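Notes follow the structure.
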Amino acid sequence: MAHPMKNKEYTVTITGCTSQGEGVAHLEDGLTVFIRGALTGEVCRISIMKAAKRCAWARLIQVISPSPARVQPDCPHYPKCGGCQSRHMSYQEELQLKAERVNDAFHHIGGLSLMIDKIHGAPAVNGYRNKVQFPVGGSLEEGVKVGFYRQRSHDVIPVEHCLLQPESCNRAGQIVREWMVRYQVAPYNEQLHTGLVRHVFCRENSKGDLLVCLIANGKKLPRERELVEALKKELPGLTSVVLSVNTEKTNVILGKRYRTLWGQDYLLDTLCSLTFRLSVPSFFQVNREQAQLLYERAVEFASLTGKETVLDLYCGTGTISQCMAKKAGRVLGAEIVPEAIEDAKANALRNGLDNTEFFCADAGEAAELLALRGLRPDVVSVDPPRKGLSLPVIEAICQMAPSRVVYVSCDPATLARDLKLLAERGYEPVRAEAVDMFPRTGHVETVCLLIGKGLFTTETH
């Protein structure tokens, strides 16, 4: 039975905006309404689509009084494609919303008085991504789709030219689509677990070298040679074509087995004057310029003099570890992905950093093991996934009693939650900055410095 409010129309004033680009308004009865595409300060005509006890979601019918920050979206796929959330607003408005999001999380979730010193905007808001994972959908009968998911769904929107990606990656996705159509290679069907091609993965380095990987529901592809030749013909920077085997019923994109179809199975890239080897599963920040700025801020927050021991949890391919190693006495890095650890070791060797040590372990296990070994790092650096730190990791960090903790976060909410837990255990958050790593999306990175109880000085400001 339809909700009695459904399809009702209202004229509302937008009082705020969420990180996902939804305007926030309040009806006379106090009900909070979220309206995608509405901006703070605008007067809008809306229609209720869905309602719950405390909130509702509405469709934007008309902007009666537009915000000065409103701009015409520059992408024909916006807002159907769920990849971007803020192409209807100026970049300055986007940065302000992201800064407010971080500060609100600190205040409302963490109960902290801390505020970010600044947010670092990106010099380029388009073409900044060095990695893309195109989902593949549709069917051979109705048409193969390579693009991105519609917001809050797994319905693939065909996208030939995504503004966030380099043109080589966009073209690679379309070459794969053309090859699938020509040779009748079926796209993967999530519901039926049939079909073959699940995703097209592309990674481009700063020199323009390109790695293309197909994720498949099978151990081999038909017409592999023809696929390689088609990619080589149109992509002059191509150096690698890899197959990732993923035959599981899962939303995880990459499989656990890889086979090189042509070229090498990795790229070399540079960051902070260091060289990194990147295989397909290796984690590497997708915005090179902003990642460099983020890591420089993390190193500055660590206040290294050349004598310190640093423990870097969730170290990935060792990017932060090696940035720290240039100014620290010794750096130990822990990461659960075996391929990433092998890359980290090779990267450290390539960069001549013999004061590093990397081991494969879950962050919680690694912290507990090192604590049991009596390791007392001066600095602990963490860059966890979106879910943040588990309680065992937090406890293990505090048991090791470093004088400083540098926390790099991709989610303000879990960051604020963890800062509160660390503060309760004697680590005071004293400084934070935000870095816009992902312009035109709702994501923002934050780096925060925490000082151990009794070690706080005015010099940290």
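In the structure tokens, each chain is lettered A, B, ... as it comes, each chain's residues begin at 1, and ligands are numbered from 1 in order of appearance.
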
Nearby residues (only C-alpha atoms) at most 12 Å from A:Cys272, same-chain spacing under 5 positions excluded, as a ChimeraX atom specification: /A:288-297,299,319-326,351

Please provide the set of residues having any atom within 8 Å of A:Leu164, restricted to only C-alpha atoms, with same-chain residues fewer than 4 positions apart removed, written as a list in words.
->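 Listing them by chain and then by number gives Val125, Asn126, Gly127, Tyr128 and Arg129 of chain A.
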
Next, the residues of the selection above should be written as a tab-separated table (two decimals), in the first residue's frame with C-alpha atoms.
chain	number	residue	atom	x	y	z
A	125	VAL	CA	38.48	18.53	-11.05
A	126	ASN	CA	38.34	16.40	-14.24
A	127	GLY	CA	40.61	13.70	-15.66
A	128	TYR	CA	42.39	13.20	-12.34
A	129	ARG	CA	41.77	9.48	-11.78

Practice item. Name all residues at most 7 Å from stretch 380-389 of chain A (count only C-alpha atoms; drop same-chain ones fewer than 4 positions away) and give them as a VMD selection string. Key: chain A and resid 310 to 314 393 to 394 402 404 to 411 414 to 415 418

I'd like the neighbourhood of A:Glu365 as a VMD selection string, where a residue qualifies if any of its atoms comes within 12 Å (using only C-alpha atoms), though same-chain residues fewer than 3 positions away should be ignored. chain A and resid 313 to 314 334 to 336 359 to 362 368 to 372 390 to 397

For the selection just defined, write its residues with C-alpha atoms to a file, as a PDB file, in the first residue's frame.
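Written output follows (out_14.pdb):
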ATOM      1  CA  LEU A 313      49.274  -0.086   9.555  1.00  0.00           C
ATOM      2  CA  TYR A 314      47.228  -0.728   6.386  1.00  0.00           C
ATOM      3  CA  ALA A 334      51.715  -4.170   7.763  1.00  0.00           C
ATOM      4  CA  GLU A 335      49.082  -5.056   5.147  1.00  0.00           C
ATOM      5  CA  ILE A 336      46.732  -8.030   4.660  1.00  0.00           C
ATOM      6  CA  PHE A 359      54.989  -8.096   6.650  1.00  0.00           C
ATOM      7  CA  CYS A 360      51.642  -9.560   5.608  1.00  0.00           C
ATOM      8  CA  ALA A 361      49.104  -9.490   8.435  1.00  0.00           C
ATOM      9  CA  ASP A 362      45.738  -8.121   9.414  1.00  0.00           C
ATOM     10  CA  GLU A 368      48.950  -7.145  18.772  1.00  0.00           C
ATOM     11  CA  LEU A 369      51.989  -9.171  17.648  1.00  0.00           C
ATOM     12  CA  LEU A 370      54.316  -6.187  17.697  1.00  0.00           C
ATOM     13  CA  ALA A 371      52.934  -5.117  21.061  1.00  0.00           C
ATOM     14  CA  LEU A 372      53.670  -8.598  22.435  1.00  0.00           C
ATOM     15  CA  SER A 390      38.535  -2.076  14.958  1.00  0.00           C
ATOM     16  CA  LEU A 391      38.615  -1.897  18.736  1.00  0.00           C
ATOM     17  CA  PRO A 392      41.485  -4.473  18.968  1.00  0.00           C
ATOM     18  CA  VAL A 393      43.612  -2.259  16.693  1.00  0.00           C
ATOM     19  CA  ILE A 394      42.878   0.797  18.824  1.00  0.00           C
ATOM     20  CA  GLU A 395      43.727  -1.131  22.003  1.00  0.00           C
ATOM     21  CA  ALA A 396      46.956  -2.473  20.492  1.00  0.00           C
ATOM     22  CA  ILE A 397      48.052   1.000  19.338  1.00  0.00           C
TER      23      ILE A 397
END

Excluding stretch 215-221 of chain A and any residue of its chain fewer than 3 positions from it, enumerate the residues within 7 Å of it, using only C-alpha atoms, and give them as a list in words. Gly195, Leu196, Val197, Arg198, His199, Val200, Glu224, Leu243, Ser244, Val245, Asn246, Thr247 and Leu254 of chain A

Store the residues of this selection in a file with N, CA and C atoms, as a JSON list (two decimals), in the first residue's frame.
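So again-v7.json came out as:
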[["chain", "number", "residue", "atom", "x", "y", "z"],
["A", 195, "GLY", "N", 27.23, -15.70, -17.94],
["A", 195, "GLY", "CA", 27.99, -14.72, -18.69],
["A", 195, "GLY", "C", 29.44, -14.71, -18.26],
["A", 196, "LEU", "N", 30.24, -13.89, -18.90],
["A", 196, "LEU", "CA", 31.68, -13.98, -18.70],
["A", 196, "LEU", "C", 32.33, -12.70, -18.16],
["A", 197, "VAL", "N", 32.21, -11.59, -18.86],
["A", 197, "VAL", "CA", 32.97, -10.39, -18.49],
["A", 197, "VAL", "C", 32.22, -9.59, -17.42],
["A", 198, "ARG", "N", 32.87, -9.40, -16.27],
["A", 198, "ARG", "CA", 32.25, -8.72, -15.13],
["A", 198, "ARG", "C", 32.64, -7.24, -15.06],
["A", 199, "HIS", "N", 33.93, -6.95, -15.18],
["A", 199, "HIS", "CA", 34.44, -5.58, -15.10],
["A", 199, "HIS", "C", 35.61, -5.40, -16.05],
["A", 200, "VAL", "N", 35.84, -4.14, -16.42],
["A", 200, "VAL", "CA", 37.06, -3.76, -17.13],
["A", 200, "VAL", "C", 37.83, -2.82, -16.21],
["A", 224, "GLU", "N", 41.21, -14.34, -27.16],
["A", 224, "GLU", "CA", 42.11, -13.52, -26.35],
["A", 224, "GLU", "C", 43.08, -12.74, -27.23],
["A", 243, "LEU", "N", 44.22, -10.96, -17.22],
["A", 243, "LEU", "CA", 42.93, -11.55, -16.91],
["A", 243, "LEU", "C", 42.86, -11.84, -15.42],
["A", 244, "SER", "N", 41.79, -11.40, -14.77],
["A", 244, "SER", "CA", 41.54, -11.71, -13.36],
["A", 244, "SER", "C", 40.37, -12.67, -13.30],
["A", 245, "VAL", "N", 40.57, -13.82, -12.68],
["A", 245, "VAL", "CA", 39.53, -14.86, -12.62],
["A", 245, "VAL", "C", 38.71, -14.69, -11.34],
["A", 246, "ASN", "N", 37.42, -14.41, -11.51],
["A", 246, "ASN", "CA", 36.50, -14.28, -10.37],
["A", 246, "ASN", "C", 35.23, -15.05, -10.69],
["A", 247, "THR", "N", 35.14, -16.28, -10.23],
["A", 247, "THR", "CA", 33.98, -17.13, -10.51],
["A", 247, "THR", "C", 33.04, -17.23, -9.31],
["A", 254, "LEU", "N", 37.63, -7.81, -7.90],
["A", 254, "LEU", "CA", 38.79, -8.57, -8.38],
["A", 254, "LEU", "C", 38.76, -10.01, -7.90]]

Exercise. Between atom CA of A:Leu274 and atom CA of A:Ile451, what is the spacing in Å?
Worked result: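 Between these atoms lies a distance of 28.4 Å.
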
Write down as JSON, numbers by chain the residues belonging to stretch 132-344 of chain A that are assigned alpha helix (DSSP H) by DSSP computed on the backbone. {"A": [167, 168, 169, 170, 171, 172, 173, 174, 175, 176, 177, 178, 179, 180, 181, 182, 224, 225, 226, 227, 228, 229, 230, 231, 232, 233, 234, 288, 289, 290, 291, 292, 293, 294, 295, 296, 297, 298, 299, 300, 301, 302, 319, 320, 321, 322, 323, 324, 325, 338, 339, 340, 341, 342, 343, 344]}

List every residue of stretch 257-410 of chain A that DSSP, applied to the backbone of this structure, assigns to strand (DSSP E or B), and report them as a count of residues only. 46

- If you measure from atom CA of A:Lys53 to atom CA of A:Gly21, what distance in Å do you get, rounded to one decimal?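 Straight-line distance from atom CA of A:Lys53 to atom CA of A:Gly21 works out to 22.3 Å.
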
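Residue nearest A:Leu95, chosen from A:Ser19, A:Gly263, A:Lys453, A:Ala58 and counting only C-alpha atoms: A:Ser19.
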
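Once A:Gln191 and its same-chain neighbours fewer than 3 positions away are set aside, A:Gly137, A:His154, A:Asp155, A:Tyr188, A:Thr194, A:Gly195, A:Lys249, A:Thr250, A:Asn251 remain within 12 Å of it when counting only C-alpha atoms.
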
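By chain and then residue number, the residues within 7 Å of A:Phe201 are Val132, Gln133, Phe134, Val212, Cys213 and Leu214 of chain A, counting only C-alpha atoms and disregarding those fewer than 4 positions away in sequence.
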